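Asker: The structure's right below; bear with me while I get my questions together.
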Amino acid sequence: MCSEQVKVLALTDHDTMSGIPEAIEAAQRFDMKIIPGVEISTMYSPRGESGLEEPVHILAYYGSCGPAWYEELETCLSNIREGRYLRAKNMILKLNELKMPLKWEHVAKIAGNGVAPGRLHVARALVEAGHVENLKQAFNRYLYDGGPAYSTGNEPSAEEAVELIRRTGGFAALAHPWALKNPPPIIKRLKDAGLHGMEVYRGDGKLAAFNDLADRYNLVKVGGSDYHGRGNHDESDLGSVNLPLLAVHEFLKVARPIWCDAIKDILQHYVEEPSDLKVERLTRFWKMRNLKSISTASLCRDVVDMCLSTWLTPEERQAADIESLRSKLSHTSINGVVPALC
């Protein structure tokens with residue numbers, strides 16, 4: 001990570017944000033900035049258009065405060081994860097019928113404790129069982145979209161995911177459009193649903209065709225290494241994608257107002273219903289420490305100031321609506337839980 005001189009890293013695990021707190025804590029040791037995110041598994045249905053239903057991945061990029069309505073997002077993600085368990089079991093069943101026996105325990109061990117197994121974990125199990133030579137072969141022969149061992153789960157529609165991301169204060173982007181069978185109609189439909197951007201940059205440079213599609217639909221051009229930690233030569237290294245400064249600027253120009261609105265929603269929700277639980281939600285992605293019970297107005301003000309200094313630029317903190325919310329919060333008392341932001 002350090003050898004690539006990564007300064008800003010968006011963590012977008014599949015269908016979970018559980019790794020964000022650990023990533024933020026680790027990043028502090030390397031003077032890095034973490035953008036909390038998630039890659040949501042969805043399905044696209046043609047609706048009368050030519051072509052078949054296919055999986056589409058939607059990236060959600062959030063500000064340091066995270067989603068404005070975390071519970072709503074987590075309900076969706078939890079449902080997808082539950083579907084991943086069923087999906088993995090169905091894939092194993094299909095592989096067994098194809099005379100390539102795998103055991104659920106084997107796949108679950110590869111995925112790790114508490115992790116919903118995905119196709120990658122099944123593919124690794126196929127390699128370890130000697131049924132295929134490598135991951136690429138596992139996908140190309142059996143696990144590709146619509147393949148003989150492919151199975152779907154509880155994925156929402158791609159449009160629903162985009163709308164959910166927007167509703168919860170995130171920047172919605174289409175992941176790896178080059179993997180889609182027929183990108184243009186999908187991109188158009190998602191743009192109509194409120195898509196903000198799409199991946200254009202990757203390890204081998206900008207893809208001209210997708211650069212043109214982004215321009216056609218007025219989408220912000222983003223990119224990333226799509227690093228999964230697989231440790232094989234088929235995967236781009238972390239930090240291997242150099243985004244042009246102009247692309248970063250265009251991304252932040254659209255994303256930061258969205259994130260500021262999310263912060264205002266979070267603070268306004270606390271103003272309306274102050275509670276210790278709400279304070280924990282304010283600092284959801286930050287390491288916490290329990291202190292002795294305290295009940296002072298200054299404590300709430302200090303908590304909010306620490307949050308705002310982390311979430312916003314000095315100019316954003318001086319905005320009238322932020323100052324108004326801070327003033328209201330300074331007269332609110334809380335007990336017990338204070339974030340350790342270091």
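In the structure tokens, chains take letters A, B, ... by order of appearance, with residues numbered from 1 within each chain and ligands from 1 in the order shown.
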Using only C-alpha atoms, determine which residues lie at most 10 Å from A:Ile266, disregarding the query and same-chain residues fewer than 5 positions distant; provide the list as a PDB file with all heavy atoms, in the first residue's frame.
Answerer:
```
ATOM      1  N   CYS A  65     -18.819  10.630   7.185  1.00  0.00           N
ATOM      2  CA  CYS A  65     -19.898  10.347   8.138  1.00  0.00           C
ATOM      3  C   CYS A  65     -20.634   9.064   7.808  1.00  0.00           C
ATOM      4  O   CYS A  65     -21.387   8.538   8.629  1.00  0.00           O
ATOM      5  CB  CYS A  65     -20.888  11.504   8.171  1.00  0.00           C
ATOM      6  SG  CYS A  65     -21.742  11.764   6.591  1.00  0.00           S
ATOM      7  N   GLY A  66     -20.443   8.546   6.591  1.00  0.00           N
ATOM      8  CA  GLY A  66     -21.177   7.363   6.171  1.00  0.00           C
ATOM      9  C   GLY A  66     -22.562   7.705   5.664  1.00  0.00           C
ATOM     10  O   GLY A  66     -22.897   8.878   5.450  1.00  0.00           O
ATOM     11  N   PRO A  67     -23.403   6.713   5.462  1.00  0.00           N
ATOM     12  CA  PRO A  67     -24.758   6.948   4.946  1.00  0.00           C
ATOM     13  C   PRO A  67     -25.612   7.755   5.923  1.00  0.00           C
ATOM     14  O   PRO A  67     -25.513   7.577   7.141  1.00  0.00           O
ATOM     15  CB  PRO A  67     -25.330   5.525   4.784  1.00  0.00           C
ATOM     16  CG  PRO A  67     -24.144   4.630   4.763  1.00  0.00           C
ATOM     17  CD  PRO A  67     -23.121   5.270   5.626  1.00  0.00           C
ATOM     18  N   ALA A  68     -26.443   8.620   5.380  1.00  0.00           N
ATOM     19  CA  ALA A  68     -27.339   9.408   6.223  1.00  0.00           C
ATOM     20  C   ALA A  68     -28.370   8.519   6.911  1.00  0.00           C
ATOM     21  O   ALA A  68     -28.765   8.771   8.044  1.00  0.00           O
ATOM     22  CB  ALA A  68     -28.032  10.485   5.385  1.00  0.00           C
ATOM     23  N   TRP A  69     -28.815   7.503   6.223  1.00  0.00           N
ATOM     24  CA  TRP A  69     -29.811   6.572   6.765  1.00  0.00           C
ATOM     25  C   TRP A  69     -29.204   5.174   6.704  1.00  0.00           C
ATOM     26  O   TRP A  69     -29.564   4.357   5.871  1.00  0.00           O
ATOM     27  CB  TRP A  69     -31.124   6.667   5.979  1.00  0.00           C
ATOM     28  CG  TRP A  69     -31.644   8.071   5.916  1.00  0.00           C
ATOM     29  CD1 TRP A  69     -31.557   8.939   4.866  1.00  0.00           C
ATOM     30  CD2 TRP A  69     -32.291   8.802   6.973  1.00  0.00           C
ATOM     31  NE1 TRP A  69     -32.106  10.149   5.183  1.00  0.00           N
ATOM     32  CE2 TRP A  69     -32.572  10.099   6.471  1.00  0.00           C
ATOM     33  CE3 TRP A  69     -32.660   8.480   8.279  1.00  0.00           C
ATOM     34  CZ2 TRP A  69     -33.195  11.068   7.240  1.00  0.00           C
ATOM     35  CZ3 TRP A  69     -33.274   9.451   9.045  1.00  0.00           C
ATOM     36  CH2 TRP A  69     -33.543  10.726   8.523  1.00  0.00           C
ATOM     37  N   TYR A  70     -28.277   4.924   7.610  1.00  0.00           N
ATOM     38  CA  TYR A  70     -27.490   3.695   7.593  1.00  0.00           C
ATOM     39  C   TYR A  70     -28.376   2.456   7.716  1.00  0.00           C
ATOM     40  O   TYR A  70     -28.144   1.450   7.036  1.00  0.00           O
ATOM     41  CB  TYR A  70     -26.470   3.716   8.736  1.00  0.00           C
ATOM     42  CG  TYR A  70     -25.574   2.503   8.771  1.00  0.00           C
ATOM     43  CD1 TYR A  70     -24.407   2.458   8.013  1.00  0.00           C
ATOM     44  CD2 TYR A  70     -25.895   1.392   9.556  1.00  0.00           C
ATOM     45  CE1 TYR A  70     -23.579   1.343   8.031  1.00  0.00           C
ATOM     46  CE2 TYR A  70     -25.076   0.271   9.580  1.00  0.00           C
ATOM     47  CZ  TYR A  70     -23.922   0.255   8.822  1.00  0.00           C
ATOM     48  OH  TYR A  70     -23.119  -0.856   8.844  1.00  0.00           O
ATOM     49  N   GLY A 169     -27.542   9.481   0.834  1.00  0.00           N
ATOM     50  CA  GLY A 169     -26.448  10.456   0.823  1.00  0.00           C
ATOM     51  C   GLY A 169     -25.165   9.977   0.196  1.00  0.00           C
ATOM     52  O   GLY A 169     -24.074  10.391   0.615  1.00  0.00           O
ATOM     53  N   CYS A 260     -22.247  16.627   2.143  1.00  0.00           N
ATOM     54  CA  CYS A 260     -22.614  17.694   3.091  1.00  0.00           C
ATOM     55  C   CYS A 260     -24.098  17.609   3.442  1.00  0.00           C
ATOM     56  O   CYS A 260     -24.475  17.789   4.618  1.00  0.00           O
ATOM     57  CB  CYS A 260     -22.293  19.066   2.498  1.00  0.00           C
ATOM     58  SG  CYS A 260     -20.532  19.468   2.503  1.00  0.00           S
ATOM     59  N   ASP A 261     -24.924  17.342   2.458  1.00  0.00           N
ATOM     60  CA  ASP A 261     -26.358  17.177   2.729  1.00  0.00           C
ATOM     61  C   ASP A 261     -26.602  15.982   3.649  1.00  0.00           C
ATOM     62  O   ASP A 261     -27.475  16.020   4.525  1.00  0.00           O
ATOM     63  CB  ASP A 261     -27.135  16.994   1.422  1.00  0.00           C
ATOM     64  CG  ASP A 261     -27.272  18.286   0.638  1.00  0.00           C
ATOM     65  OD1 ASP A 261     -27.080  19.368   1.233  1.00  0.00           O
ATOM     66  OD2 ASP A 261     -27.576  18.218  -0.571  1.00  0.00           O
ATOM     67  N   VAL A 271     -30.713  16.226  16.386  1.00  0.00           N
ATOM     68  CA  VAL A 271     -31.349  17.381  17.029  1.00  0.00           C
ATOM     69  C   VAL A 271     -32.794  17.052  17.390  1.00  0.00           C
ATOM     70  O   VAL A 271     -33.283  17.391  18.476  1.00  0.00           O
ATOM     71  CB  VAL A 271     -31.302  18.616  16.112  1.00  0.00           C
ATOM     72  CG1 VAL A 271     -32.232  19.717  16.621  1.00  0.00           C
ATOM     73  CG2 VAL A 271     -29.877  19.146  16.022  1.00  0.00           C
ATOM     74  N   LYS A 278     -27.826   7.679  19.289  1.00  0.00           N
ATOM     75  CA  LYS A 278     -27.610   8.549  18.134  1.00  0.00           C
ATOM     76  C   LYS A 278     -26.166   9.062  18.099  1.00  0.00           C
ATOM     77  O   LYS A 278     -25.607   9.283  17.026  1.00  0.00           O
ATOM     78  CB  LYS A 278     -28.588   9.722  18.176  1.00  0.00           C
ATOM     79  CG  LYS A 278     -30.050   9.325  18.025  1.00  0.00           C
ATOM     80  CD  LYS A 278     -30.373   8.989  16.583  1.00  0.00           C
ATOM     81  CE  LYS A 278     -31.833   8.543  16.457  1.00  0.00           C
ATOM     82  NZ  LYS A 278     -32.775   9.588  16.831  1.00  0.00           N
ATOM     83  N   ARG A 281     -24.126   6.513  16.588  1.00  0.00           N
ATOM     84  CA  ARG A 281     -24.341   6.501  15.142  1.00  0.00           C
ATOM     85  C   ARG A 281     -23.589   7.631  14.456  1.00  0.00           C
ATOM     86  O   ARG A 281     -23.140   7.486  13.316  1.00  0.00           O
ATOM     87  CB  ARG A 281     -25.835   6.595  14.845  1.00  0.00           C
ATOM     88  CG  ARG A 281     -26.601   5.327  15.222  1.00  0.00           C
ATOM     89  CD  ARG A 281     -28.091   5.495  15.088  1.00  0.00           C
ATOM     90  NE  ARG A 281     -28.806   4.269  15.415  1.00  0.00           N
ATOM     91  CZ  ARG A 281     -30.122   4.183  15.538  1.00  0.00           C
ATOM     92  NH1 ARG A 281     -30.877   5.273  15.357  1.00  0.00           N
ATOM     93  NH2 ARG A 281     -30.697   3.041  15.845  1.00  0.00           N
ATOM     94  N   LEU A 282     -23.454   8.768  15.150  1.00  0.00           N
ATOM     95  CA  LEU A 282     -22.684   9.872  14.594  1.00  0.00           C
ATOM     96  C   LEU A 282     -21.254   9.440  14.313  1.00  0.00           C
ATOM     97  O   LEU A 282     -20.634   9.887  13.352  1.00  0.00           O
ATOM     98  CB  LEU A 282     -22.666  11.058  15.558  1.00  0.00           C
ATOM     99  CG  LEU A 282     -23.916  11.942  15.685  1.00  0.00           C
ATOM    100  CD1 LEU A 282     -23.701  12.979  16.772  1.00  0.00           C
ATOM    101  CD2 LEU A 282     -24.240  12.617  14.372  1.00  0.00           C
TER     102      LEU A 282
END
```
Asker: Hey, what's within 10 Å of A:Glu250 if we count only C-alpha atoms and toss same-chain stuff fewer than 3 positions away? As a list in words, please?
Answerer: Leu219, Val220, Lys221, Val222, Leu245, Leu246, Ala247, Lys253, Val254 and Ala255 of chain A
Asker: What does the file look like for those residues with N, CA and C atoms, as a short mmCIF file (atom, residue, chain, number, x, y, z; two decimals), in the first residue's frame?
Answerer:
```cif
data_model
loop_
_atom_site.label_atom_id
_atom_site.label_comp_id
_atom_site.auth_asym_id
_atom_site.auth_seq_id
_atom_site.Cartn_x
_atom_site.Cartn_y
_atom_site.Cartn_z
N LEU A 219 -21.93 11.63 -17.29
CA LEU A 219 -21.60 10.94 -16.05
C LEU A 219 -20.16 11.26 -15.64
N VAL A 220 -19.94 11.36 -14.34
CA VAL A 220 -18.60 11.60 -13.81
C VAL A 220 -17.75 10.35 -14.04
N LYS A 221 -16.52 10.55 -14.49
CA LYS A 221 -15.63 9.43 -14.79
C LYS A 221 -14.79 9.09 -13.56
N VAL A 222 -14.96 7.87 -13.06
CA VAL A 222 -14.20 7.41 -11.91
C VAL A 222 -13.44 6.15 -12.29
N LEU A 245 -5.94 14.33 -12.18
CA LEU A 245 -6.40 15.30 -11.18
C LEU A 245 -7.74 15.91 -11.57
N LEU A 246 -7.95 16.10 -12.86
CA LEU A 246 -9.22 16.66 -13.31
C LEU A 246 -10.37 15.71 -12.97
N ALA A 247 -10.15 14.39 -13.09
CA ALA A 247 -11.18 13.42 -12.76
C ALA A 247 -11.51 13.45 -11.28
N LYS A 253 -16.41 17.55 -6.96
CA LYS A 253 -17.35 18.65 -7.22
C LYS A 253 -18.79 18.16 -7.11
N VAL A 254 -19.03 16.93 -7.52
CA VAL A 254 -20.38 16.37 -7.43
C VAL A 254 -20.60 15.72 -6.07
N ALA A 255 -19.59 15.00 -5.56
CA ALA A 255 -19.77 14.19 -4.35
C ALA A 255 -19.87 15.03 -3.07
#
```
Asker: A:Ala179, A:Ala161, A:Leu86, A:Ala125: which is nearest A:Glu105, counting only C-alpha atoms?
Answerer: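 Using only C-alpha atoms, the shortest distance to A:Glu105 belongs to A:Ala125.
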Asker: Could you tell me which of A:Arg81, A:Arg317, A:Arg124, A:Arg326 comes closest to A:Thr152 if we count only C-alpha atoms?
Answerer: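 Of all the options, A:Arg81 lies closest to A:Thr152.
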Asker: Quick one: distance from atom CA of A:Trp311 to atom CA of A:Gln268 in Å, one decimal?
Answerer: 15.4 Å
Asker: For atom CA of A:Asn134 and atom CA of A:Ala111, quote the distance in Å rounded to one decimal.
Answerer: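 Atom CA of A:Ala111 lies 17.1 Å from atom CA of A:Asn134.
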Asker: Leaving out A:Leu52 and any residue of its chain fewer than 4 positions from it, which residues lie within 12 Å of it when counting only C-alpha atoms, given as a CSV table (one decimal) with N, CA and C atoms, in the first residue's frame?
Answerer:
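The new file selection-v8.csv reads:
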```
chain,number,residue,atom,x,y,z
A,43,MET,N,-29.4,-6.8,-10.0
A,43,MET,CA,-29.7,-7.4,-11.3
A,43,MET,C,-30.4,-6.4,-12.2
A,44,TYR,N,-30.0,-6.5,-13.4
A,44,TYR,CA,-30.6,-5.6,-14.5
A,44,TYR,C,-31.6,-6.5,-15.3
A,45,SER,N,-32.8,-6.0,-15.4
A,45,SER,CA,-33.8,-6.7,-16.3
A,45,SER,C,-34.1,-5.8,-17.5
A,46,PRO,N,-34.0,-6.4,-18.7
A,46,PRO,CA,-34.1,-5.6,-19.9
A,46,PRO,C,-35.5,-4.9,-20.1
A,47,ARG,N,-36.6,-5.4,-19.5
A,47,ARG,CA,-37.9,-4.8,-19.7
A,47,ARG,C,-38.3,-4.6,-21.2
A,48,GLY,N,-38.3,-5.7,-21.9
A,48,GLY,CA,-38.7,-5.6,-23.3
A,48,GLY,C,-37.6,-5.3,-24.2
A,145,ASP,N,-21.5,-15.5,-15.6
A,145,ASP,CA,-22.9,-15.1,-15.6
A,145,ASP,C,-23.7,-16.1,-16.6
A,146,GLY,N,-24.7,-16.8,-16.0
A,146,GLY,CA,-25.4,-17.7,-16.8
A,146,GLY,C,-24.8,-19.0,-17.0
A,180,LEU,N,-20.2,-5.8,-18.8
A,180,LEU,CA,-21.6,-5.9,-19.2
A,180,LEU,C,-21.7,-6.4,-20.7
A,181,LYS,N,-22.8,-7.2,-20.9
A,181,LYS,CA,-23.0,-7.7,-22.3
A,181,LYS,C,-23.4,-6.6,-23.2
A,182,ASN,N,-24.2,-5.6,-22.8
A,182,ASN,CA,-24.7,-4.6,-23.7
A,182,ASN,C,-24.8,-3.3,-22.9
A,186,ILE,N,-28.1,-0.2,-20.5
A,186,ILE,CA,-28.0,-0.3,-19.0
A,186,ILE,C,-27.6,1.1,-18.5
```
Asker: Please, which residues of stretch 23-268 of chain A, numbered as in this document, come out strand (DSSP E) from DSSP, as a ChimeraX atom specification?
Answerer: /A:33-44,54-61,171-174,197-202,205-206,220-223
Asker: Those residues you just picked out, can you put them in a file as a tab-separated table (two decimals), in the first residue's frame with N, CA, C and O atoms?
Answerer:
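Written output follows (out.tsv):
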```
chain	number	residue	atom	x	y	z
A	33	LYS	N	-6.36	8.69	3.59
A	33	LYS	CA	-7.76	9.05	3.72
A	33	LYS	C	-8.60	7.90	3.17
A	33	LYS	O	-8.36	7.42	2.07
A	34	ILE	N	-9.59	7.46	3.96
A	34	ILE	CA	-10.50	6.41	3.52
A	34	ILE	C	-11.83	7.02	3.11
A	34	ILE	O	-12.42	7.81	3.85
A	35	ILE	N	-12.30	6.65	1.93
A	35	ILE	CA	-13.66	7.00	1.50
A	35	ILE	C	-14.53	5.78	1.77
A	35	ILE	O	-14.35	4.73	1.14
A	36	PRO	N	-15.47	5.87	2.72
A	36	PRO	CA	-16.33	4.72	3.00
A	36	PRO	C	-17.22	4.42	1.80
A	36	PRO	O	-17.79	5.32	1.18
A	37	GLY	N	-17.33	3.16	1.47
A	37	GLY	CA	-18.17	2.80	0.34
A	37	GLY	C	-18.62	1.36	0.40
A	37	GLY	O	-18.33	0.63	1.36
A	38	VAL	N	-19.32	0.94	-0.63
A	38	VAL	CA	-19.79	-0.43	-0.74
A	38	VAL	C	-20.10	-0.70	-2.21
A	38	VAL	O	-20.49	0.21	-2.96
A	39	GLU	N	-19.87	-1.92	-2.65
A	39	GLU	CA	-20.23	-2.34	-4.00
A	39	GLU	C	-21.47	-3.22	-3.89
A	39	GLU	O	-21.40	-4.32	-3.34
A	40	ILE	N	-22.58	-2.73	-4.40
A	40	ILE	CA	-23.86	-3.41	-4.22
A	40	ILE	C	-24.15	-4.33	-5.41
A	40	ILE	O	-24.11	-3.91	-6.57
A	41	SER	N	-24.45	-5.59	-5.09
A	41	SER	CA	-24.80	-6.57	-6.11
A	41	SER	C	-26.27	-6.37	-6.51
A	41	SER	O	-27.15	-6.38	-5.65
A	42	THR	N	-26.51	-6.19	-7.80
A	42	THR	CA	-27.87	-5.96	-8.28
A	42	THR	C	-28.12	-6.79	-9.54
A	42	THR	O	-27.20	-7.41	-10.08
A	43	MET	N	-29.36	-6.77	-9.99
A	43	MET	CA	-29.70	-7.42	-11.25
A	43	MET	C	-30.36	-6.39	-12.18
A	43	MET	O	-31.12	-5.54	-11.72
A	44	TYR	N	-30.03	-6.49	-13.45
A	44	TYR	CA	-30.63	-5.62	-14.46
A	44	TYR	C	-31.57	-6.45	-15.33
A	44	TYR	O	-31.17	-7.49	-15.88
A	54	GLU	N	-29.04	-9.67	-16.31
A	54	GLU	CA	-27.65	-9.89	-15.95
A	54	GLU	C	-27.27	-9.11	-14.70
A	54	GLU	O	-27.90	-8.10	-14.36
A	55	PRO	N	-26.26	-9.58	-13.97
A	55	PRO	CA	-25.83	-8.88	-12.75
A	55	PRO	C	-25.12	-7.59	-13.08
A	55	PRO	O	-24.36	-7.51	-14.05
A	56	VAL	N	-25.38	-6.57	-12.27
A	56	VAL	CA	-24.74	-5.27	-12.41
A	56	VAL	C	-24.30	-4.83	-11.02
A	56	VAL	O	-25.05	-4.96	-10.05
A	57	HIS	N	-23.08	-4.34	-10.91
A	57	HIS	CA	-22.57	-3.88	-9.62
A	57	HIS	C	-22.57	-2.36	-9.57
A	57	HIS	O	-22.05	-1.69	-10.48
A	58	ILE	N	-23.15	-1.83	-8.50
A	58	ILE	CA	-23.24	-0.38	-8.32
A	58	ILE	C	-22.39	0.03	-7.13
A	58	ILE	O	-22.55	-0.50	-6.02
A	59	LEU	N	-21.49	0.97	-7.36
A	59	LEU	CA	-20.62	1.48	-6.30
A	59	LEU	C	-21.30	2.64	-5.58
A	59	LEU	O	-21.87	3.53	-6.22
A	60	ALA	N	-21.21	2.62	-4.26
A	60	ALA	CA	-21.70	3.73	-3.45
A	60	ALA	C	-20.52	4.34	-2.72
A	60	ALA	O	-19.82	3.64	-1.97
A	61	TYR	N	-20.27	5.62	-2.95
A	61	TYR	CA	-19.21	6.34	-2.25
A	61	TYR	C	-19.85	7.32	-1.27
A	61	TYR	O	-20.67	8.16	-1.68
A	171	PHE	N	-22.78	8.85	-3.46
A	171	PHE	CA	-22.48	9.05	-4.88
A	171	PHE	C	-22.56	7.69	-5.54
A	171	PHE	O	-21.85	6.76	-5.16
A	172	ALA	N	-23.44	7.53	-6.53
A	172	ALA	CA	-23.68	6.24	-7.17
A	172	ALA	C	-22.92	6.15	-8.48
A	172	ALA	O	-23.05	7.02	-9.35
A	173	ALA	N	-22.14	5.08	-8.65
A	173	ALA	CA	-21.36	4.88	-9.88
A	173	ALA	C	-21.48	3.44	-10.35
A	173	ALA	O	-21.56	2.51	-9.55
A	174	LEU	N	-21.49	3.28	-11.66
A	174	LEU	CA	-21.54	1.95	-12.27
A	174	LEU	C	-20.14	1.35	-12.25
A	174	LEU	O	-19.19	1.94	-12.74
A	197	GLY	N	-22.09	8.56	-11.80
A	197	GLY	CA	-20.85	8.34	-12.53
A	197	GLY	C	-20.69	6.90	-12.95
A	197	GLY	O	-21.53	6.04	-12.67
A	198	MET	N	-19.57	6.63	-13.62
A	198	MET	CA	-19.26	5.26	-14.04
A	198	MET	C	-17.75	5.10	-14.10
A	198	MET	O	-17.00	6.05	-14.32
A	199	GLU	N	-17.30	3.86	-13.87
A	199	GLU	CA	-15.88	3.58	-13.96
A	199	GLU	C	-15.42	3.67	-15.41
A	199	GLU	O	-16.03	3.08	-16.31
A	200	VAL	N	-14.35	4.40	-15.61
A	200	VAL	CA	-13.75	4.54	-16.94
A	200	VAL	C	-12.26	4.20	-16.87
A	200	VAL	O	-11.71	3.62	-17.79
A	201	TYR	N	-11.62	4.54	-15.76
A	201	TYR	CA	-10.19	4.32	-15.61
A	201	TYR	C	-9.93	3.00	-14.89
A	201	TYR	O	-10.59	2.66	-13.92
A	202	ARG	N	-8.93	2.27	-15.37
A	202	ARG	CA	-8.50	1.06	-14.70
A	202	ARG	C	-7.01	0.85	-14.95
A	202	ARG	O	-6.36	1.72	-15.53
A	205	GLY	N	-5.32	1.71	-18.23
A	205	GLY	CA	-5.59	3.03	-18.78
A	205	GLY	C	-7.05	3.27	-19.05
A	205	GLY	O	-7.91	2.45	-18.80
A	206	LYS	N	-7.34	4.45	-19.59
A	206	LYS	CA	-8.72	4.85	-19.89
A	206	LYS	C	-9.21	4.12	-21.14
A	206	LYS	O	-8.50	4.03	-22.13
A	220	VAL	N	-19.94	11.36	-14.34
A	220	VAL	CA	-18.60	11.60	-13.81
A	220	VAL	C	-17.75	10.35	-14.04
A	220	VAL	O	-18.21	9.22	-13.81
A	221	LYS	N	-16.52	10.55	-14.49
A	221	LYS	CA	-15.63	9.43	-14.79
A	221	LYS	C	-14.79	9.09	-13.56
A	221	LYS	O	-14.03	9.93	-13.06
A	222	VAL	N	-14.96	7.87	-13.06
A	222	VAL	CA	-14.20	7.41	-11.91
A	222	VAL	C	-13.44	6.15	-12.29
A	222	VAL	O	-13.53	5.66	-13.41
A	223	GLY	N	-12.69	5.61	-11.35
A	223	GLY	CA	-11.95	4.38	-11.64
A	223	GLY	C	-11.27	3.86	-10.40
A	223	GLY	O	-11.22	4.52	-9.37
```
Asker: Could you pull the residues within 12 Å of A:Pro314, counting only C-alpha atoms, minus those fewer than 6 positions along the same chain, as a PDB file with all heavy atoms, in the first residue's frame?
Answerer:
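Saved to around.pdb:
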```
ATOM      1  N   ASP A 305     -18.078  18.828  17.218  1.00  0.00           N
ATOM      2  CA  ASP A 305     -16.933  19.523  16.624  1.00  0.00           C
ATOM      3  C   ASP A 305     -15.892  18.533  16.101  1.00  0.00           C
ATOM      4  O   ASP A 305     -15.298  18.739  15.033  1.00  0.00           O
ATOM      5  CB  ASP A 305     -16.291  20.458  17.654  1.00  0.00           C
ATOM      6  CG  ASP A 305     -17.091  21.730  17.854  1.00  0.00           C
ATOM      7  OD1 ASP A 305     -17.997  21.993  17.039  1.00  0.00           O
ATOM      8  OD2 ASP A 305     -16.832  22.448  18.837  1.00  0.00           O
ATOM      9  N   LEU A 308     -17.369  17.102  12.889  1.00  0.00           N
ATOM     10  CA  LEU A 308     -17.367  18.061  11.778  1.00  0.00           C
ATOM     11  C   LEU A 308     -15.958  18.347  11.288  1.00  0.00           C
ATOM     12  O   LEU A 308     -15.736  18.547  10.086  1.00  0.00           O
ATOM     13  CB  LEU A 308     -18.055  19.353  12.212  1.00  0.00           C
ATOM     14  CG  LEU A 308     -19.560  19.246  12.484  1.00  0.00           C
ATOM     15  CD1 LEU A 308     -20.121  20.612  12.881  1.00  0.00           C
ATOM     16  CD2 LEU A 308     -20.302  18.696  11.277  1.00  0.00           C
ATOM     17  N   ILE A 322     -24.833  24.679   8.622  1.00  0.00           N
ATOM     18  CA  ILE A 322     -24.020  23.864   9.527  1.00  0.00           C
ATOM     19  C   ILE A 322     -23.859  24.571  10.870  1.00  0.00           C
ATOM     20  O   ILE A 322     -23.981  23.954  11.935  1.00  0.00           O
ATOM     21  CB  ILE A 322     -22.638  23.566   8.914  1.00  0.00           C
ATOM     22  CG1 ILE A 322     -22.783  22.677   7.672  1.00  0.00           C
ATOM     23  CG2 ILE A 322     -21.725  22.913   9.946  1.00  0.00           C
ATOM     24  CD1 ILE A 322     -23.277  21.281   7.945  1.00  0.00           C
ATOM     25  N   GLU A 323     -23.583  25.868  10.835  1.00  0.00           N
ATOM     26  CA  GLU A 323     -23.448  26.633  12.072  1.00  0.00           C
ATOM     27  C   GLU A 323     -24.738  26.606  12.877  1.00  0.00           C
ATOM     28  O   GLU A 323     -24.734  26.529  14.111  1.00  0.00           O
ATOM     29  CB  GLU A 323     -23.047  28.083  11.759  1.00  0.00           C
ATOM     30  CG  GLU A 323     -21.587  28.268  11.395  1.00  0.00           C
ATOM     31  CD  GLU A 323     -20.671  28.013  12.569  1.00  0.00           C
ATOM     32  OE1 GLU A 323     -21.119  28.137  13.731  1.00  0.00           O
ATOM     33  OE2 GLU A 323     -19.495  27.672  12.336  1.00  0.00           O
TER      34      GLU A 323
END
```
Asker: What does the distance between atom CA of A:Leu120 and atom CA of A:Glu155 come to in Å, to one decimal place?
Answerer: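 Calculated distance between atom CA of A:Leu120 and atom CA of A:Glu155 is 17.1 Å.
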Asker: Write out as a list in words each polymer residue whose atoms come within 7 Å of A:Leu77, counting only C-alpha atoms; drop sequence neighbours fewer than 4 positions from it.
Answerer: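 In the requested format, the answer is Asp15, Thr16, Leu73 and Arg81 of chain A.
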Asker: Please identify all polymer residues within 12 Å of A:Glu22, counting only C-alpha atoms, omitting same-chain residues fewer than 3 positions from it, and present them as a short mmCIF file (atom, residue, chain, number, x, y, z; two decimals) with C-alpha atoms, in the first residue's frame.
Answerer:
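Dumped everything to out-v4.cif:
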```
data_model
loop_
_atom_site.label_atom_id
_atom_site.label_comp_id
_atom_site.auth_asym_id
_atom_site.auth_seq_id
_atom_site.Cartn_x
_atom_site.Cartn_y
_atom_site.Cartn_z
CA LEU A 11 -13.05 0.72 0.42
CA MET A 17 -19.43 -1.84 5.12
CA SER A 18 -18.18 -3.83 8.10
CA GLY A 19 -14.54 -3.28 7.18
CA GLU A 25 -7.96 3.04 11.97
CA ALA A 26 -5.25 1.40 9.85
CA ALA A 27 -5.14 4.30 7.38
CA GLN A 28 -4.33 6.76 10.16
CA ARG A 29 -0.95 5.03 10.60
CA ILE A 34 -10.50 6.41 3.52
CA PRO A 36 -16.33 4.72 3.00
CA ARG A 284 -20.20 4.80 13.61
CA PHE A 285 -16.98 4.37 11.66
CA TRP A 286 -14.62 5.66 14.33
CA LYS A 287 -12.96 3.86 17.21
CA MET A 288 -14.87 4.42 20.44
#
```
Asker: Please identify which residues in stretch 139-256 of chain A DSSP calls alpha helix (DSSP H) from the backbone, and express them as an NGL selection string.
Answerer: :A and (158-167 or 183-193 or 208-216 or 245-256)
Asker: Which residue out of A:Gly114, A:Ser151, A:Gly203, A:Leu164 has the minimum interatomic distance to A:Leu243 when only C-alpha atoms are used?
Answerer: A:Gly203
